[in-house]
file upload-v5.txt (compact mmCIF, C-alpha atoms)
# COMPACT_ATOMS: atom_id res chain seq x y z
CA MET A 24 2.81 22.24 6.98
CA THR A 25 4.96 24.35 4.70
CA LEU A 26 8.74 24.33 4.52
CA GLU A 27 8.78 27.71 6.25
CA GLU A 28 6.76 26.30 9.17
CA VAL A 29 9.16 23.37 9.45
CA LEU A 30 12.16 25.73 9.43
CA VAL A 31 10.71 27.80 12.28
CA GLN A 32 10.42 24.76 14.57
CA LYS A 33 13.12 24.23 17.18
CA PRO A 34 15.41 21.26 16.43
CA ALA A 35 14.05 19.16 19.32
CA GLU A 36 10.44 19.84 18.28
CA ARG A 37 11.34 19.09 14.69
CA LEU A 38 12.82 15.69 15.58
CA GLN A 39 9.95 14.76 17.88
CA SER A 40 7.26 15.73 15.36
CA SER A 41 9.15 13.92 12.60
CA GLY A 42 9.26 10.76 14.72
CA LYS A 43 5.51 10.92 15.25
CA ALA A 44 4.96 11.62 11.55
CA LEU A 45 7.12 8.64 10.60
CA GLU A 46 5.16 6.34 12.89
CA GLU A 47 1.86 7.64 11.45
CA VAL A 48 3.06 7.14 7.88
CA LEU A 49 4.32 3.62 8.55
CA LEU A 50 1.03 2.59 10.17
CA SER A 51 -1.00 4.18 7.39
CA ALA A 52 1.16 2.58 4.67
CA LYS A 53 0.85 -0.77 6.43
CA ASP A 54 -2.95 -0.45 6.43
CA ASN A 55 -2.85 0.42 2.71
CA ASP A 56 -0.49 -2.46 1.86
CA SER A 57 2.15 0.05 0.73
CA LEU A 58 5.12 -1.25 2.73
CA THR A 59 8.07 -3.36 1.67
CA VAL A 60 10.10 -4.68 4.61
CA GLY A 61 13.58 -6.15 4.39
CA VAL A 62 16.84 -5.30 2.65
CA TYR A 63 16.53 -7.90 -0.10
CA GLU A 64 12.81 -7.36 -0.67
CA SER A 65 13.43 -3.60 -0.89
CA ALA A 66 16.25 -4.11 -3.38
CA LYS A 67 13.89 -6.18 -5.56
CA VAL A 68 11.23 -3.46 -5.53
CA MET A 69 13.82 -0.76 -6.31
CA ASN A 70 15.11 -2.82 -9.23
CA LEU A 71 11.71 -3.80 -10.68
CA ASP A 72 9.67 -0.64 -10.08
CA PRO A 73 11.78 2.28 -8.81
CA ASP A 74 9.06 4.83 -9.64
CA SER A 75 6.74 3.24 -7.08
CA VAL A 76 9.09 4.01 -4.16
CA SER A 77 8.14 7.14 -2.24
CA PHE A 78 10.16 6.95 0.98
CA CYS A 79 12.92 4.82 2.51
CA VAL A 80 13.69 4.07 6.17
CA LEU A 81 17.00 2.47 7.14
CA ALA A 82 17.37 1.07 10.64
CA MET A 83 20.61 0.32 12.43
CA ASP A 84 21.38 -0.57 16.01
CA GLU A 85 24.55 -1.41 17.91
CA GLU A 86 24.17 -5.14 17.31
CA PHE A 87 24.57 -4.72 13.53
CA GLU A 88 27.05 -1.80 13.36
CA CYS A 89 29.91 -4.16 12.45
CA ASP A 90 27.92 -6.08 9.82
CA ILE A 91 29.90 -5.18 6.69
CA ALA A 92 27.41 -6.78 4.29
CA LEU A 93 24.57 -4.73 5.78
CA GLN A 94 26.67 -1.55 5.54
CA ILE A 95 27.34 -2.26 1.85
CA HIS A 96 23.62 -2.80 1.23
CA PHE A 97 22.85 0.48 3.02
CA THR A 98 25.38 2.32 0.86
CA LEU A 99 23.83 0.92 -2.31
CA ILE A 100 20.28 1.70 -1.14
CA GLN A 101 21.27 5.25 -0.18
CA SER A 102 22.91 5.77 -3.56
CA PHE A 103 19.82 4.50 -5.34
CA CYS A 104 17.59 6.81 -3.28
CA PHE A 105 19.81 9.83 -4.00
CA ASP A 106 19.87 9.06 -7.72
CA ASN A 107 16.08 8.68 -7.86
CA ASP A 108 15.09 11.58 -5.58
CA ILE A 109 13.64 9.30 -2.91
CA SER A 110 13.56 10.74 0.60
CA ILE A 111 15.50 8.63 3.07
CA VAL A 112 15.91 8.63 6.86
CA ARG A 113 17.65 6.51 9.48
CA VAL A 114 16.27 5.23 12.75
CA SER A 115 18.40 3.71 15.50
CA ASP A 116 15.82 1.31 16.95
CA VAL A 117 15.34 -1.72 14.68
CA GLN A 118 13.16 -3.44 17.30
CA ARG A 119 10.74 -0.49 17.53
CA LEU A 120 10.57 -0.24 13.73
CA ALA A 121 9.81 -3.97 13.53
CA GLU A 122 7.02 -3.52 16.08
CA ILE A 123 5.43 -0.80 13.97
CA VAL A 124 5.65 -2.51 10.57
CA GLY A 125 5.20 -6.13 11.66
CA ASP A 126 2.22 -8.14 12.75
CA LYS A 127 1.93 -9.44 16.28
CA ALA A 128 1.91 -13.00 14.94
CA GLU A 129 5.06 -12.70 12.87
CA GLN A 130 8.51 -11.78 14.08
CA LEU A 131 10.40 -9.67 11.57
CA GLU A 132 14.00 -10.70 11.33
CA ASP A 133 14.96 -8.08 8.76
CA ALA A 134 13.43 -4.70 9.42
CA HIS A 135 16.65 -2.90 8.51
CA CYS A 136 15.08 -1.37 5.40
CA VAL A 137 11.47 -0.34 4.93
CA LEU A 138 10.11 1.21 1.75
CA ILE A 139 6.89 3.12 1.46
CA THR A 140 5.51 2.61 -2.02
CA ASN A 141 2.76 4.33 -3.94
CA PRO A 142 -0.09 2.11 -5.14
CA ALA A 143 -0.52 1.95 -8.89
CA ASP A 144 -3.71 4.02 -8.74
CA SER A 145 -1.97 6.68 -6.57
CA SER A 146 -5.11 7.09 -4.48
CA TRP A 147 -3.27 6.95 -1.16
CA GLU A 148 -2.02 10.27 0.17
CA ASP A 149 -0.86 11.05 3.68
CA PRO A 150 -0.17 14.53 5.09
CA ALA A 151 2.41 13.03 7.46
CA LEU A 152 4.34 11.73 4.44
CA GLU A 153 4.46 15.24 3.02
CA LYS A 154 5.75 16.47 6.38
CA LEU A 155 8.54 13.86 6.24
CA HIS A 156 9.45 14.90 2.70
CA LEU A 157 9.74 18.50 3.91
CA PHE A 158 11.87 17.36 6.87
CA CYS A 159 14.21 15.53 4.49
CA GLU A 160 14.36 18.52 2.14
CA GLU A 161 15.31 20.80 5.01
CA SER A 162 17.91 18.33 6.27
CA ARG A 163 19.49 18.13 2.81
CA SER A 164 19.70 21.92 2.73
CA LEU A 165 21.74 21.63 5.96
CA ASN A 166 23.97 18.94 4.35
CA ASP A 167 22.41 16.17 6.43
CA TRP A 168 21.69 13.76 3.58
CA VAL A 169 20.35 10.89 5.68
CA PRO A 170 18.82 12.45 8.80
CA GLU A 171 18.20 10.31 11.86
CA ILE A 172 14.73 10.23 13.36
CA THR A 173 13.84 8.88 16.79
CA LEU A 174 10.66 6.84 16.81
CA PRO A 175 8.32 7.61 19.71
CA GLU A 176 8.15 5.07 22.51
CA ARG A 177 5.10 2.90 22.80

call {"tool": "encode", "arguments": {"input": "upload-v5.txt", "output": "structure tokens"}}
result
Amino acid sequence: MTLEEVLVQKPAERLQSSGKALEEVLLSAKDNDSLTVGVYESAKVMNLDPDSVSFCVLAMDEEFECDIALQIHFTLIQSFCFDNDISIVRVSDVQRLAEIVGDKAEQLEDAHCVLITNPADSSWEDPALEKLHLFCEESRSLNDWVPEITLPER
């Protein structure tokens, strides 16, 4: 999908297709062991190997809106992503994000930040990831620097 095709989509269609694309990318990255889950784990990856980070997802829900420490971490992560040309989106359903990126056996306590990384051999490519990059590029052109995406229901 080209940027022109994305621009022609209606806003509701754009958000819905972006939500589906995000879910596809997260599942594909999980299968390829290209996910980093958690605020602190993500900060470590960004510090040690920033060139490996391809995409960032920040998740916030009402329960954590008043968590000042989490807000500070989000601000720092967003700044890092902007400085390093990493596409970044927000989702408002931490529980749904945890369901997608976690295993059934483990309960994820910190799914507030998820990074999609590129393997060292760069053999993993996903068309849905390209679609998300185009969505973020379009959003930035509309001065929406951290667009919010709604993940599809199960």

call {"tool": "atom_distance", "arguments": {"input": "upload-v5.txt", "atom1": "CA of Glu160 in chain A", "atom2": "CA of Ser77 in chain A"}}
result
13.7 Å

call {"tool": "residues_around", "arguments": {"input": "upload-v5.txt", "residues": "Leu93 in chain A", "least_positions_apart": "6", "cutoff": "10 Å", "atoms": "all atoms listed in the file", "output": "NGL selection string"}}
result
:A and (62 or 83 or 87 or 99 or 135)

call {"tool": "atom_distance", "arguments": {"input": "upload-v5.txt", "atom1": "CA of Leu157 in chain A", "atom2": "CA of Ser41 in chain A"}}
result
9.8 Å

call {"tool": "residues_near_point", "arguments": {"input": "upload-v5.txt", "point": "(6.3, 1.8, -5.6)", "cutoff": "10 Å", "atoms": "only C-alpha atoms", "output": "list in words"}}
result
Ser57, Leu58, Thr59, Val68, Met69, Leu71, Asp72, Pro73, Asp74, Ser75, Val76, Ser77, Phe78, Leu138, Ile139, Thr140, Asn141, Pro142, Ala143 and Ser145 of chain A

call {"tool": "atom_distance", "arguments": {"input": "upload-v5.txt", "atom1": "CA of Arg113 in chain A", "atom2": "CA of Asp167 in chain A"}}
result
11.2 Å

call {"tool": "closest_residue", "arguments": {"input": "upload-v5.txt", "among": "A:Leu155, A:Ile172, A:Ile95, A:Val137", "to": "Gly125 in chain A", "atoms": "only C-alpha atoms"}}
result
A:Val137

call {"tool": "residues_around", "arguments": {"input": "upload-v5.txt", "residues": "Phe103 in chain A", "least_positions_apart": "3", "cutoff": "10 Å", "atoms": "all atoms listed in the file", "output": "list in words"}}
result
Ala66, Met69, Asn70, Pro73, Phe97, Thr98, Leu99, Ile100, Asp106, Asn107, Asp108 and Ile109 of chain A

call {"tool": "residues_around", "arguments": {"input": "upload-v5.txt", "residues": "Arg177 in chain A", "least_positions_apart": "3", "cutoff": "10 Å", "atoms": "only C-alpha atoms", "output": "ChimeraX atom specification"}}
result
/A:119,122-123,174

call {"tool": "residues_around", "arguments": {"input": "upload-v5.txt", "residues": "Val117 in chain A", "least_positions_apart": "2", "cutoff": "8 Å", "atoms": "only C-alpha atoms", "output": "NGL selection string"}}
result
:A and (82-84 or 114-115 or 119-121 or 134-135)

call {"tool": "closest_residue", "arguments": {"input": "upload-v5.txt", "among": "A:Val169, A:Asp116, A:Cys89, A:Ser51", "to": "His156 in chain A", "atoms": "all atoms listed in the file"}}
result
A:Val169

call {"tool": "closest_residue", "arguments": {"input": "upload-v5.txt", "among": "A:Val124, A:Cys104, A:Ala44, A:Cys159", "to": "Asp56 in chain A", "atoms": "all atoms listed in the file"}}
result
A:Val124

call {"tool": "build_atoms", "arguments": {"input": "upload-v5.txt", "residues": "range 44-70 of chain A", "atoms": "N, CA and C atoms", "output": "short mmCIF file (atom, residue, chain, number, x, y, z; two decimals), in the coordinates of the input"}}
result
data_model
loop_
_atom_site.label_atom_id
_atom_site.label_comp_id
_atom_site.auth_asym_id
_atom_site.auth_seq_id
_atom_site.Cartn_x
_atom_site.Cartn_y
_atom_site.Cartn_z
N ALA A 44 5.41 11.67 12.95
CA ALA A 44 4.96 11.62 11.55
C ALA A 44 5.40 10.32 10.90
N LEU A 45 6.63 9.89 11.17
CA LEU A 45 7.12 8.64 10.60
C LEU A 45 6.29 7.46 11.08
N GLU A 46 5.99 7.43 12.37
CA GLU A 46 5.16 6.34 12.89
C GLU A 46 3.78 6.35 12.23
N GLU A 47 3.18 7.53 12.09
CA GLU A 47 1.86 7.64 11.45
C GLU A 47 1.91 7.13 10.01
N VAL A 48 2.94 7.54 9.28
CA VAL A 48 3.06 7.14 7.88
C VAL A 48 3.25 5.63 7.76
N LEU A 49 4.08 5.07 8.61
CA LEU A 49 4.32 3.62 8.55
C LEU A 49 3.04 2.85 8.84
N LEU A 50 2.28 3.28 9.84
CA LEU A 50 1.03 2.59 10.17
C LEU A 50 0.01 2.75 9.05
N SER A 51 -0.07 3.94 8.49
CA SER A 51 -1.00 4.18 7.39
C SER A 51 -0.61 3.37 6.15
N ALA A 52 0.68 3.35 5.83
CA ALA A 52 1.16 2.58 4.67
C ALA A 52 0.92 1.08 4.89
N LYS A 53 1.10 0.64 6.11
CA LYS A 53 0.85 -0.77 6.43
C LYS A 53 -0.63 -1.11 6.19
N ASP A 54 -1.52 -0.24 6.64
CA ASP A 54 -2.95 -0.45 6.43
C ASP A 54 -3.33 -0.44 4.95
N ASN A 55 -2.58 0.31 4.15
CA ASN A 55 -2.85 0.42 2.71
C ASN A 55 -2.03 -0.54 1.87
N ASP A 56 -1.33 -1.47 2.54
CA ASP A 56 -0.49 -2.46 1.86
C ASP A 56 0.53 -1.77 0.95
N SER A 57 1.17 -0.73 1.49
CA SER A 57 2.15 0.05 0.73
C SER A 57 3.54 -0.01 1.37
N LEU A 58 3.82 -1.10 2.08
CA LEU A 58 5.12 -1.25 2.73
C LEU A 58 5.88 -2.43 2.12
N THR A 59 7.17 -2.26 1.99
CA THR A 59 8.07 -3.36 1.67
C THR A 59 9.09 -3.40 2.79
N VAL A 60 9.22 -4.55 3.45
CA VAL A 60 10.10 -4.68 4.61
C VAL A 60 11.20 -5.68 4.29
N GLY A 61 12.44 -5.27 4.58
CA GLY A 61 13.58 -6.15 4.39
C GLY A 61 14.54 -5.61 3.34
N VAL A 62 15.81 -5.82 3.56
CA VAL A 62 16.84 -5.30 2.65
C VAL A 62 16.69 -5.92 1.27
N TYR A 63 16.59 -7.23 1.20
CA TYR A 63 16.53 -7.90 -0.10
C TYR A 63 15.21 -7.64 -0.82
N GLU A 64 14.11 -7.65 -0.08
CA GLU A 64 12.81 -7.36 -0.67
C GLU A 64 12.78 -5.93 -1.21
N SER A 65 13.38 -5.00 -0.45
CA SER A 65 13.43 -3.60 -0.89
C SER A 65 14.27 -3.45 -2.15
N ALA A 66 15.40 -4.16 -2.19
CA ALA A 66 16.25 -4.11 -3.38
C ALA A 66 15.50 -4.62 -4.61
N LYS A 67 14.69 -5.65 -4.44
CA LYS A 67 13.89 -6.18 -5.56
C LYS A 67 12.91 -5.12 -6.07
N VAL A 68 12.21 -4.48 -5.14
CA VAL A 68 11.23 -3.46 -5.53
C VAL A 68 11.93 -2.30 -6.24
N MET A 69 13.08 -1.87 -5.70
CA MET A 69 13.82 -0.76 -6.31
C MET A 69 14.29 -1.13 -7.71
N ASN A 70 14.64 -2.38 -7.92
CA ASN A 70 15.11 -2.82 -9.23
C ASN A 70 13.96 -2.96 -10.22
#
